>>> print(open('start_20.cif').read())   # mmCIF, C-alpha atoms and all ligand atoms; chains and numbers go by the auth columns
data_my_file
#
loop_
_atom_site.group_PDB
_atom_site.id
_atom_site.type_symbol
_atom_site.label_atom_id
_atom_site.label_comp_id
_atom_site.label_asym_id
_atom_site.label_seq_id
_atom_site.Cartn_x
_atom_site.Cartn_y
_atom_site.Cartn_z
_atom_site.B_iso_or_equiv
_atom_site.auth_seq_id
_atom_site.auth_asym_id
ATOM 1 C CA MET A 1 2.408 -18.161 -7.409 0.00 286 A
ATOM 2 C CA LYS A 2 0.427 -18.292 -4.192 0.00 287 A
ATOM 3 C CA ASN A 3 -1.819 -15.375 -3.177 0.00 288 A
ATOM 4 C CA TRP A 4 0.524 -14.128 -0.484 0.00 289 A
ATOM 5 C CA GLU A 5 3.443 -14.137 -2.935 0.00 290 A
ATOM 6 C CA ILE A 6 1.493 -12.032 -5.428 0.00 291 A
ATOM 7 C CA GLU A 7 0.515 -9.590 -2.698 0.00 292 A
ATOM 8 C CA LEU A 8 4.080 -9.380 -1.404 0.00 293 A
ATOM 9 C CA LYS A 9 5.359 -8.677 -4.906 0.00 294 A
ATOM 10 C CA GLU A 10 2.741 -6.050 -5.676 0.00 295 A
ATOM 11 C CA LEU A 11 2.448 -4.205 -2.375 0.00 296 A
ATOM 12 C CA GLY A 12 5.832 -5.024 -0.859 0.00 297 A
ATOM 13 C CA PHE A 13 4.150 -6.535 2.202 0.00 298 A
ATOM 14 C CA CYS A 14 1.568 -9.088 3.201 0.00 299 A
ATOM 15 C CA HIS A 15 -0.427 -9.548 6.412 0.00 300 A
ATOM 16 C CA ILE A 16 -1.646 -13.121 6.820 0.00 301 A
ATOM 17 C CA LYS A 17 -3.960 -13.884 9.689 0.00 302 A
ATOM 18 C CA ASN A 18 -4.072 -16.885 11.964 0.00 303 A
ATOM 19 C CA GLN A 19 -1.223 -19.099 10.765 0.00 304 A
ATOM 20 C CA THR A 20 0.074 -22.277 12.375 0.00 305 A
ATOM 21 C CA GLU A 21 3.800 -22.786 12.916 0.00 306 A
ATOM 22 C CA ASN A 22 3.789 -25.269 10.031 0.00 307 A
ATOM 23 C CA GLN A 23 2.306 -22.660 7.714 0.00 308 A
ATOM 24 C CA LEU A 24 4.890 -20.173 8.931 0.00 309 A
ATOM 25 C CA ASN A 25 7.696 -22.631 8.197 0.00 310 A
ATOM 26 C CA ASP A 26 6.341 -23.312 4.688 0.00 311 A
ATOM 27 C CA ILE A 27 6.401 -19.587 3.928 0.00 312 A
ATOM 28 C CA ILE A 28 9.919 -19.193 5.312 0.00 313 A
ATOM 29 C CA PHE A 29 11.011 -22.100 3.167 0.00 314 A
ATOM 30 C CA GLU A 30 9.555 -20.464 0.031 0.00 315 A
ATOM 31 C CA LEU A 31 11.347 -17.182 0.698 0.00 316 A
ATOM 32 C CA GLY A 32 14.890 -18.374 1.377 0.00 317 A
ATOM 33 C CA ASN A 33 17.551 -18.648 4.074 0.00 318 A
ATOM 34 C CA VAL A 34 16.904 -17.470 7.610 0.00 319 A
ATOM 35 C CA ILE A 35 19.954 -15.371 8.481 0.00 320 A
ATOM 36 C CA ASN A 36 18.658 -14.256 11.863 0.00 321 A
ATOM 37 C CA GLU A 37 15.899 -15.313 14.234 0.00 322 A
ATOM 38 C CA THR A 38 15.080 -13.063 17.169 0.00 323 A
ATOM 39 C CA ASP A 39 12.464 -12.885 19.905 0.00 324 A
ATOM 40 C CA VAL A 40 11.309 -9.298 19.840 0.00 325 A
ATOM 41 C CA ILE A 41 9.849 -8.920 23.302 0.00 326 A
ATOM 42 C CA ALA A 42 8.895 -5.332 23.907 0.00 327 A
ATOM 43 C CA ASN A 43 8.340 -4.020 27.393 0.00 328 A
ATOM 44 C CA SER A 44 8.845 -0.897 29.425 0.00 329 A
ATOM 45 C CA GLU A 45 11.956 -2.235 31.239 0.00 330 A
ATOM 46 C CA SER A 46 14.044 -2.416 28.104 0.00 331 A
ATOM 47 C CA LYS A 47 16.754 0.067 27.205 0.00 332 A
ATOM 48 C CA SER A 48 17.245 -1.229 23.669 0.00 333 A
ATOM 49 C CA LEU A 49 15.368 0.588 20.925 0.00 334 A
ATOM 50 C CA VAL A 50 13.954 -2.523 19.295 0.00 335 A
ATOM 51 C CA THR A 51 12.694 -4.078 22.525 0.00 336 A
ATOM 52 C CA SER A 52 11.501 -0.912 24.239 0.00 337 A
ATOM 53 C CA ASP A 53 7.806 -0.052 24.388 0.00 338 A
ATOM 54 C CA LYS A 54 8.264 3.312 22.714 0.00 339 A
ATOM 55 C CA TYR A 55 7.233 4.553 19.300 0.00 340 A
ATOM 56 C CA LEU A 56 9.726 3.442 16.651 0.00 341 A
ATOM 57 C CA ASP A 57 10.360 5.675 13.646 0.00 342 A
ATOM 58 C CA PHE A 58 10.348 4.365 10.056 0.00 343 A
ATOM 59 C CA HIS A 59 13.447 2.430 9.076 0.00 344 A
ATOM 60 C CA THR A 60 14.796 -0.632 7.308 0.00 345 A
ATOM 61 C CA ASP A 61 16.553 -3.460 9.165 0.00 346 A
ATOM 62 C CA ASN A 62 19.940 -4.914 8.243 0.00 347 A
ATOM 63 C CA HIS A 63 20.435 -4.707 4.486 0.00 348 A
ATOM 64 C CA LEU A 64 21.259 -8.405 4.120 0.00 349 A
ATOM 65 C CA ALA A 65 17.671 -9.160 5.098 0.00 350 A
ATOM 66 C CA LYS A 66 15.699 -8.987 1.855 0.00 351 A
ATOM 67 C CA TYR A 67 12.545 -10.035 3.702 0.00 352 A
ATOM 68 C CA ILE A 68 11.420 -9.714 7.307 0.00 353 A
ATOM 69 C CA ILE A 69 8.731 -11.908 8.797 0.00 354 A
ATOM 70 C CA TRP A 70 7.152 -11.227 12.169 0.00 355 A
ATOM 71 C CA TYR A 71 5.061 -13.949 13.762 0.00 356 A
ATOM 72 C CA CYS A 72 2.917 -12.772 16.629 0.00 357 A
ATOM 73 C CA ILE A 73 3.125 -14.858 19.819 0.00 358 A
ATOM 74 C CA LYS A 74 1.484 -12.300 22.079 0.00 359 A
ATOM 75 C CA PRO A 75 -0.119 -9.040 20.893 0.00 360 A
ATOM 76 C CA ALA A 76 0.157 -5.789 22.820 0.00 361 A
ATOM 77 C CA GLU A 77 -2.671 -5.087 25.251 0.00 362 A
ATOM 78 C CA GLU A 78 -2.988 -1.706 23.647 0.00 363 A
ATOM 79 C CA GLY A 79 -1.108 0.046 20.843 0.00 364 A
ATOM 80 C CA GLY A 80 1.820 -1.683 19.161 0.00 365 A
ATOM 81 C CA TYR A 81 0.452 -1.015 15.681 0.00 366 A
ATOM 82 C CA SER A 82 2.868 -1.833 12.884 0.00 367 A
ATOM 83 C CA GLN A 83 3.307 1.068 10.501 0.00 368 A
ATOM 84 C CA LEU A 84 4.500 0.618 6.960 0.00 369 A
ATOM 85 C CA CYS A 85 5.615 3.116 4.356 0.00 370 A
ATOM 86 C CA ASP A 86 6.272 2.274 0.699 0.00 371 A
ATOM 87 C CA ALA A 87 9.592 3.898 -0.239 0.00 372 A
ATOM 88 C CA GLU A 88 8.888 3.480 -3.964 0.00 373 A
ATOM 89 C CA ILE A 89 5.893 5.821 -3.691 0.00 374 A
ATOM 90 C CA ILE A 90 7.924 8.366 -1.711 0.00 375 A
ATOM 91 C CA PHE A 91 10.797 8.191 -4.177 0.00 376 A
ATOM 92 C CA GLU A 92 8.493 8.944 -7.124 0.00 377 A
ATOM 93 C CA GLN A 93 7.617 12.278 -5.540 0.00 378 A
ATOM 94 C CA LEU A 94 11.193 13.510 -5.956 0.00 379 A
ATOM 95 C CA ASN A 95 12.593 15.095 -9.092 0.00 380 A
ATOM 96 C CA GLU A 96 15.569 13.613 -10.946 0.00 381 A
ATOM 97 C CA LYS A 97 18.073 15.895 -9.240 0.00 382 A
ATOM 98 C CA GLU A 98 16.772 14.970 -5.796 0.00 383 A
ATOM 99 C CA LYS A 99 16.781 11.264 -6.658 0.00 384 A
ATOM 100 C CA ASN A 100 20.391 11.574 -7.659 0.00 385 A
ATOM 101 C CA GLU A 101 21.329 13.462 -4.490 0.00 386 A
ATOM 102 C CA LEU A 102 19.631 10.836 -2.370 0.00 387 A
ATOM 103 C CA SER A 103 21.661 8.068 -3.988 0.00 388 A
ATOM 104 C CA LYS A 104 24.806 9.776 -2.679 0.00 389 A
ATOM 105 C CA ILE A 105 23.690 9.840 0.942 0.00 390 A
ATOM 106 C CA HIS A 106 24.941 6.867 2.896 0.00 391 A
ATOM 107 C CA VAL A 107 23.412 5.631 6.127 0.00 392 A
ATOM 108 C CA TYR A 108 25.417 3.710 8.730 0.00 393 A
ATOM 109 C CA GLU A 109 24.968 -0.039 9.026 0.00 394 A
ATOM 110 C CA HIS A 110 25.733 -2.182 12.092 0.00 395 A
ATOM 111 C CA LYS A 111 28.248 -4.841 11.191 0.00 396 A
ATOM 112 C CA MET A 112 26.305 -7.916 12.239 0.00 397 A
ATOM 113 C CA TYR A 113 27.845 -10.020 9.490 0.00 398 A
ATOM 114 C CA PRO A 114 31.276 -9.862 7.808 0.00 399 A
ATOM 115 C CA GLU A 115 29.380 -9.231 4.538 0.00 400 A
ATOM 116 C CA ASN A 116 27.829 -5.991 5.849 0.00 401 A
ATOM 117 C CA LYS A 117 29.204 -2.738 4.482 0.00 402 A
ATOM 118 C CA ASN A 118 29.909 0.150 6.834 0.00 403 A
ATOM 119 C CA SER A 119 27.041 2.018 5.242 0.00 404 A
ATOM 120 C CA ASN A 120 24.553 1.809 2.372 0.00 405 A
ATOM 121 C CA PRO A 121 23.122 4.516 0.132 0.00 406 A
ATOM 122 C CA ILE A 122 19.493 5.453 0.848 0.00 407 A
ATOM 123 C CA VAL A 123 18.686 4.389 -2.682 0.00 408 A
ATOM 124 C CA ARG A 124 20.585 2.231 -5.109 0.00 409 A
ATOM 125 C CA GLU A 125 19.741 0.739 -8.473 0.00 410 A
ATOM 126 C CA THR A 126 21.178 -2.665 -9.356 0.00 411 A
ATOM 127 C CA ASN A 127 20.115 -4.601 -12.446 0.00 412 A
ATOM 128 C CA GLY A 128 17.105 -2.352 -12.929 0.00 413 A
ATOM 129 C CA LYS A 129 15.914 -2.954 -9.361 0.00 414 A
ATOM 130 C CA ILE A 130 15.724 -0.157 -6.811 0.00 415 A
ATOM 131 C CA LYS A 131 16.752 -0.929 -3.243 0.00 416 A
ATOM 132 C CA PHE A 132 16.268 1.331 -0.268 0.00 417 A
ATOM 133 C CA TYR A 133 18.086 1.515 3.057 0.00 418 A
ATOM 134 C CA TYR A 134 17.101 4.067 5.673 0.00 419 A
ATOM 135 C CA SER A 135 17.146 4.933 9.364 0.00 420 A
ATOM 136 C CA PHE A 136 16.960 8.504 10.532 0.00 421 A
ATOM 137 C CA TRP A 137 18.990 7.798 13.673 0.00 422 A
ATOM 138 C CA LEU A 138 21.767 6.076 11.686 0.00 423 A
ATOM 139 C CA ALA A 139 22.239 9.011 9.312 0.00 424 A
ATOM 140 C CA ARG A 140 25.081 11.395 10.075 0.00 425 A
ATOM 141 C CA GLU A 141 24.315 14.919 11.217 0.00 426 A
ATOM 142 C CA LYS A 142 25.818 16.450 8.062 0.00 427 A
ATOM 143 C CA TYR A 143 23.357 14.478 5.920 0.00 428 A
ATOM 144 C CA ARG A 144 20.357 15.251 8.111 0.00 429 A
ATOM 145 C CA LYS A 145 20.938 18.913 7.407 0.00 430 A
ATOM 146 C CA LEU A 146 20.641 18.520 3.632 0.00 431 A
ATOM 147 C CA GLU A 147 17.507 19.850 1.998 0.00 432 A
ATOM 148 C CA VAL A 148 16.903 16.648 0.076 0.00 433 A
ATOM 149 C CA PHE A 149 17.203 14.557 3.232 0.00 434 A
ATOM 150 C CA GLN A 150 14.723 16.787 5.061 0.00 435 A
ATOM 151 C CA LYS A 151 12.273 16.605 2.184 0.00 436 A
ATOM 152 C CA TRP A 152 12.668 12.819 2.086 0.00 437 A
ATOM 153 C CA ARG A 153 11.977 12.534 5.803 0.00 438 A
ATOM 154 C CA GLU A 154 8.984 14.851 5.616 0.00 439 A
ATOM 155 C CA LEU A 155 7.473 12.890 2.750 0.00 440 A
ATOM 156 C CA ILE A 156 7.922 9.681 4.746 0.00 441 A
ATOM 157 C CA GLN A 157 6.324 11.099 7.889 0.00 442 A
ATOM 158 C CA ASN A 158 3.390 12.631 6.002 0.00 443 A
ATOM 159 C CA SER A 159 2.594 9.870 3.532 0.00 444 A
ATOM 160 C CA ASN A 160 -0.384 7.518 3.767 0.00 445 A
ATOM 161 C CA HIS A 161 0.961 4.780 5.983 0.00 446 A
ATOM 162 C CA THR A 162 -0.423 1.321 6.323 0.00 447 A
ATOM 163 C CA LYS A 163 -1.273 0.772 9.973 0.00 448 A
ATOM 164 C CA LEU A 164 -2.138 -2.684 11.185 0.00 449 A
ATOM 165 C CA LYS A 165 -2.258 -4.694 14.359 0.00 450 A
ATOM 166 C CA LEU A 166 -0.829 -8.176 14.630 0.00 451 A
ATOM 167 C CA GLU A 167 -3.052 -10.508 16.595 0.00 452 A
ATOM 168 C CA LYS A 168 -1.935 -13.845 18.010 0.00 453 A
ATOM 169 C CA SER A 169 -0.628 -16.180 15.240 0.00 454 A
ATOM 170 C CA ASP A 170 -0.691 -13.436 12.588 0.00 455 A
ATOM 171 C CA LEU A 171 2.186 -13.083 10.148 0.00 456 A
ATOM 172 C CA LEU A 172 3.557 -9.954 8.585 0.00 457 A
ATOM 173 C CA ILE A 173 6.030 -10.214 5.721 0.00 458 A
ATOM 174 C CA ILE A 174 7.740 -7.182 4.224 0.00 459 A
ATOM 175 C CA ASP A 175 10.252 -6.545 1.477 0.00 460 A
ATOM 176 C CA ASN A 176 12.929 -4.848 3.591 0.00 461 A
ATOM 177 C CA HIS A 177 14.503 -3.227 0.516 0.00 462 A
ATOM 178 C CA ARG A 178 11.274 -1.376 -0.255 0.00 463 A
ATOM 179 C CA ILE A 179 8.984 -1.025 2.774 0.00 464 A
ATOM 180 C CA PHE A 180 10.028 1.061 5.773 0.00 465 A
ATOM 181 C CA HIS A 181 8.614 -0.138 9.076 0.00 466 A
ATOM 182 C CA GLY A 182 7.970 1.374 12.467 0.00 467 A
ATOM 183 C CA ARG A 183 5.428 0.981 15.223 0.00 468 A
ATOM 184 C CA THR A 184 3.375 2.932 17.711 0.00 469 A
ATOM 185 C CA ASP A 185 3.848 2.861 21.501 0.00 470 A
ATOM 186 C CA ILE A 186 3.132 -0.422 23.204 0.00 471 A
ATOM 187 C CA LYS A 187 1.136 -0.888 26.375 0.00 472 A
ATOM 188 C CA GLY A 188 1.849 -4.107 28.275 0.00 473 A
ATOM 189 C CA GLU A 189 4.142 -6.717 26.791 0.00 474 A
ATOM 190 C CA ARG A 190 4.296 -7.729 23.165 0.00 475 A
ATOM 191 C CA ASN A 191 6.100 -10.805 21.914 0.00 476 A
ATOM 192 C CA LEU A 192 6.970 -11.376 18.259 0.00 477 A
ATOM 193 C CA LYS A 193 9.293 -13.790 16.528 0.00 478 A
ATOM 194 C CA ARG A 194 11.268 -12.033 13.854 0.00 479 A
ATOM 195 C CA TYR A 195 13.011 -13.722 10.951 0.00 480 A
ATOM 196 C CA TRP A 196 15.439 -12.059 8.569 0.00 481 A
ATOM 197 C CA ILE A 197 15.486 -13.830 5.239 0.00 482 A
ATOM 198 C CA ASN A 198 17.869 -13.698 2.328 0.00 483 A
ATOM 199 C CA PRO A 199 16.889 -15.636 -0.804 0.00 484 A
ATOM 200 C CA ASP A 200 20.415 -15.786 -2.220 0.00 485 A
ATOM 201 C CA PHE A 201 22.961 -16.660 0.424 0.00 486 A
ATOM 202 C CA LYS A 202 23.788 -17.200 4.075 0.00 487 A
ATOM 203 C CA PRO A 203 26.341 -14.894 5.693 0.00 488 A
ATOM 204 C CA THR A 204 29.518 -16.697 6.748 0.00 489 A
ATOM 205 C CA LYS A 205 28.922 -15.932 10.429 0.00 490 A
ATOM 206 C CA THR A 206 27.007 -13.707 12.843 0.00 491 A
ATOM 207 C CA LEU A 207 29.284 -11.310 14.685 0.00 492 A
ATOM 208 C CA TYR A 208 26.736 -10.376 17.333 0.00 493 A
ATOM 209 C CA ASN A 209 23.005 -10.383 18.004 0.00 494 A
ATOM 210 C CA GLN A 210 21.166 -7.114 17.904 0.00 495 A
ATOM 211 C CA ASN A 211 19.184 -7.471 21.088 0.00 496 A
HETATM 212 FE FE FE B . 13.209 -2.866 12.603 0.00 501 B
#
>>> encode(input="start_20.cif", output="structure tokens")
Amino acid sequence: MKNWEIELKELGFCHIKNQTENQLNDIIFELGNVINETDVIANSESKSLVTSDKYLDFHTDNHLAKYIIWYCIKPAEEGGYSQLCDAEIIFEQLNEKEKNELSKIHVYEHKMYPENKNSNPIVRETNGKIKFYYSFWLAREKYRKLEVFQKWRELIQNSNHTKLKLEKSDLLIIDNHRIFHGRTDIKGERNLKRYWINPDFKPTKTLYNQN
């Protein structure tokens, strides 16, 4: 295993500085199928959440993306820090009853692919592996009111986050089933290439593009 693969496995994410496009493509090739490729250009004109310049709360992307890679084309003049939160650490702070309650809370999922479900549980265990799916703004009001949900959110907001800044040609890879991501406000324009990667299969078709 290469160093970045070990780091990705252990920490759930890996920040690799100063990579060429060839190096980027080698890494993508190691990880699996690209199911979506998007230019994430953030600026103050945008009305979409992903491409706006505003703070973005912790969340996971589409559940069919096991990994997300961002490749920095142009860093923000100021701000635009990526923030990461390890859901496994948060989850361990809950008791068994709370863990069980959380597994019954479903969060809405945009149907970008025919293979998407309408929603996914915040936590699910399959074949001994725990997968997380979470977005505060995609959770229904009735769930947001639950004590366990509020505790979960509070733990996320107050945990020790990893905060890093992507400079030109930097790569950030995360395990989207484990690491929640968000970012701080952006000043000026920031331009990232984002790849969603699934090691196992390619969806039959893309129904729409998110941006
Ligand atoms: Fe995202």
>>> closest_atom_pairs(input="start_20.cif", of="chain A", to="ligand FE 501 (chain B)", cutoff="9 Å", atoms="all atoms listed in the file", output="JSON lines")
{"residue": "A:Val335", "atom": "CA", "partner": "B:FE501", "partner_atom": "FE", "distance": 6.7}
{"residue": "A:Leu341", "atom": "CA", "partner": "B:FE501", "partner_atom": "FE", "distance": 8.3}
{"residue": "A:Phe343", "atom": "CA", "partner": "B:FE501", "partner_atom": "FE", "distance": 8.2}
{"residue": "A:His344", "atom": "CA", "partner": "B:FE501", "partner_atom": "FE", "distance": 6.4}
{"residue": "A:Thr345", "atom": "CA", "partner": "B:FE501", "partner_atom": "FE", "distance": 6.0}
{"residue": "A:Asp346", "atom": "CA", "partner": "B:FE501", "partner_atom": "FE", "distance": 4.8}
{"residue": "A:Asn347", "atom": "CA", "partner": "B:FE501", "partner_atom": "FE", "distance": 8.3}
{"residue": "A:Ile353", "atom": "CA", "partner": "B:FE501", "partner_atom": "FE", "distance": 8.8}
{"residue": "A:Phe465", "atom": "CA", "partner": "B:FE501", "partner_atom": "FE", "distance": 8.5}
{"residue": "A:His466", "atom": "CA", "partner": "B:FE501", "partner_atom": "FE", "distance": 6.4}
{"residue": "A:Gly467", "atom": "CA", "partner": "B:FE501", "partner_atom": "FE", "distance": 6.7}
>>> atom_distance(input="start_20.cif", atom1="atom CA of Arg425 of chain A", atom2="atom CA of Gln442 of chain A")
18.9 Å
>>> resolve_selection(input="start_20.cif", expression="the PyMOL selection byres (((chain A and resi 397) around 10) and not hetatm)", output="JSON, numbers by chain")
{"A": [321, 347, 349, 394, 395, 396, 398, 399, 400, 401, 402, 488, 490, 491, 492, 493, 494, 495]}
>>> resolve_selection(input="start_20.cif", expression="the PyMOL selection byres (((chain A and resi 301) around 12) and not hetatm)", output="PDB file with C-alpha atoms, keeping the file's coordinate frame")
ATOM      1  CA  ASN A 288      -1.819 -15.375  -3.177  1.00  0.00           C
ATOM      2  CA  TRP A 289       0.524 -14.128  -0.484  1.00  0.00           C
ATOM      3  CA  GLU A 290       3.443 -14.137  -2.935  1.00  0.00           C
ATOM      4  CA  GLU A 292       0.515  -9.590  -2.698  1.00  0.00           C
ATOM      5  CA  LEU A 293       4.080  -9.380  -1.404  1.00  0.00           C
ATOM      6  CA  PHE A 298       4.150  -6.535   2.202  1.00  0.00           C
ATOM      7  CA  CYS A 299       1.568  -9.088   3.201  1.00  0.00           C
ATOM      8  CA  HIS A 300      -0.427  -9.548   6.412  1.00  0.00           C
ATOM      9  CA  LYS A 302      -3.960 -13.884   9.689  1.00  0.00           C
ATOM     10  CA  ASN A 303      -4.072 -16.885  11.964  1.00  0.00           C
ATOM     11  CA  GLN A 304      -1.223 -19.099  10.765  1.00  0.00           C
ATOM     12  CA  THR A 305       0.074 -22.277  12.375  1.00  0.00           C
ATOM     13  CA  GLN A 308       2.306 -22.660   7.714  1.00  0.00           C
ATOM     14  CA  LEU A 309       4.890 -20.173   8.931  1.00  0.00           C
ATOM     15  CA  ILE A 312       6.401 -19.587   3.928  1.00  0.00           C
ATOM     16  CA  ILE A 354       8.731 -11.908   8.797  1.00  0.00           C
ATOM     17  CA  TRP A 355       7.152 -11.227  12.169  1.00  0.00           C
ATOM     18  CA  TYR A 356       5.061 -13.949  13.762  1.00  0.00           C
ATOM     19  CA  CYS A 357       2.917 -12.772  16.629  1.00  0.00           C
ATOM     20  CA  LEU A 449      -2.138  -2.684  11.185  1.00  0.00           C
ATOM     21  CA  LYS A 450      -2.258  -4.694  14.359  1.00  0.00           C
ATOM     22  CA  LEU A 451      -0.829  -8.176  14.630  1.00  0.00           C
ATOM     23  CA  GLU A 452      -3.052 -10.508  16.595  1.00  0.00           C
ATOM     24  CA  LYS A 453      -1.935 -13.845  18.010  1.00  0.00           C
ATOM     25  CA  SER A 454      -0.628 -16.180  15.240  1.00  0.00           C
ATOM     26  CA  ASP A 455      -0.691 -13.436  12.588  1.00  0.00           C
ATOM     27  CA  LEU A 456       2.186 -13.083  10.148  1.00  0.00           C
ATOM     28  CA  LEU A 457       3.557  -9.954   8.585  1.00  0.00           C
ATOM     29  CA  ILE A 458       6.030 -10.214   5.721  1.00  0.00           C
ATOM     30  CA  ILE A 459       7.740  -7.182   4.224  1.00  0.00           C
TER      31      ILE A 459
END
>>> residues_around(input="start_20.cif", residues="Ile375 of chain A", least_positions_apart="3", cutoff="7 Å", atoms="only C-alpha atoms", output="VMD selection string")
chain A and resid 371 to 372 378 440 to 441
>>> closest_residue(input="start_20.cif", among="A:His446, A:Lys287, A:His462, A:Lys414", to="Asp311 of chain A", atoms="only C-alpha atoms")
A:Lys287
>>> atom_distance(input="start_20.cif", atom1="atom CA of Asn405 of chain A", atom2="atom CA of Thr447 of chain A")
25.3 Å
>>> resolve_selection(input="start_20.cif", expression="the PyMOL selection byres (((chain A and resi 325) around 12) and not hetatm)", output="number ranges by chain")
A: 321-324, 326-328, 331, 333-338, 354-360, 474-480, 494-496
>>> closest_residue(input="start_20.cif", among="A:Glu362, A:Glu377, A:Glu315, A:Glu386", to="Glu432 of chain A", atoms="all atoms listed in the file")
A:Glu386
>>> atom_distance(input="start_20.cif", atom1="atom CA of Met286 of chain A", atom2="atom CA of Ala350 of chain A")
21.7 Å
>>> closest_residue(input="start_20.cif", among="A:Asp342, A:Glu373, A:Asp485, A:Glu363", to="Arg409 of chain A", atoms="only C-alpha atoms")
A:Glu373
>>> axis_aligned_box(input="start_20.cif", around="segment 474-491 of chain A", padding_each_side="8 Å", output="lines of an AutoDock Vina configuration file")
center_x = 16.8
center_y = -12.0
center_z = 12.3
size_x = 41.4
size_y = 26.5
size_z = 45.0
>>> closest_residue(input="start_20.cif", among="A:Tyr352, A:Phe434, A:Phe421, A:Phe314", to="Trp481 of chain A", atoms="only C-alpha atoms")
A:Tyr352
>>> closest_residue(input="start_20.cif", among="A:Asn483, A:Thr411, A:Gln435, A:Asn403", to="Glu383 of chain A", atoms="only C-alpha atoms")
A:Gln435
>>> closest_residue(input="start_20.cif", among="A:Val392, A:Cys370, A:Ile471, A:Ile313", to="Glu426 of chain A", atoms="only C-alpha atoms")
A:Val392
>>> decode(input="start_20.cif", residues="segment 338-353 of chain A", atoms="N, CA and C atoms", output="CSV table (one decimal), in the first residue's frame")
chain,number,residue,atom,x,y,z
A,338,ASP,N,-20.4,31.3,-1.7
A,338,ASP,CA,-19.2,31.6,-0.9
A,338,ASP,C,-19.4,31.5,0.6
A,339,LYS,N,-20.6,31.0,1.0
A,339,LYS,CA,-20.9,31.0,2.4
A,339,LYS,C,-20.4,29.7,3.1
A,340,TYR,N,-20.3,29.9,4.4
A,340,TYR,CA,-20.0,28.7,5.3
A,340,TYR,C,-20.9,27.5,4.9
A,341,LEU,N,-20.3,26.4,4.9
A,341,LEU,CA,-21.1,25.2,4.6
A,341,LEU,C,-21.0,24.2,5.8
A,342,ASP,N,-22.1,23.8,6.3
A,342,ASP,CA,-22.2,23.0,7.5
A,342,ASP,C,-21.7,21.5,7.2
A,343,PHE,N,-21.3,20.8,8.2
A,343,PHE,CA,-20.9,19.4,8.0
A,343,PHE,C,-21.9,18.5,7.3
A,344,HIS,N,-21.5,17.7,6.4
A,344,HIS,CA,-22.4,16.8,5.7
A,344,HIS,C,-21.6,15.8,4.9
A,345,THR,N,-22.3,14.8,4.4
A,345,THR,CA,-21.8,13.9,3.4
A,345,THR,C,-22.4,14.2,2.1
A,346,ASP,N,-21.7,13.8,1.0
A,346,ASP,CA,-22.2,14.0,-0.3
A,346,ASP,C,-23.1,12.8,-0.7
A,347,ASN,N,-23.5,12.7,-1.9
A,347,ASN,CA,-24.3,11.5,-2.4
A,347,ASN,C,-23.7,10.2,-1.9
A,348,HIS,N,-24.6,9.3,-1.4
A,348,HIS,CA,-24.1,8.1,-0.7
A,348,HIS,C,-23.4,7.1,-1.7
A,349,LEU,N,-23.7,7.2,-3.0
A,349,LEU,CA,-23.0,6.3,-3.9
A,349,LEU,C,-21.5,6.7,-4.1
A,350,ALA,N,-21.1,7.9,-3.6
A,350,ALA,CA,-19.7,8.3,-3.7
A,350,ALA,C,-19.1,7.7,-2.4
A,351,LYS,N,-18.3,6.7,-2.5
A,351,LYS,CA,-17.5,6.2,-1.4
A,351,LYS,C,-16.4,7.1,-1.0
A,352,TYR,N,-15.7,7.6,-2.1
A,352,TYR,CA,-14.6,8.6,-1.9
A,352,TYR,C,-14.9,9.9,-2.6
A,353,ILE,N,-14.5,11.0,-2.1
A,353,ILE,CA,-14.5,12.3,-2.8
A,353,ILE,C,-13.1,12.8,-2.9
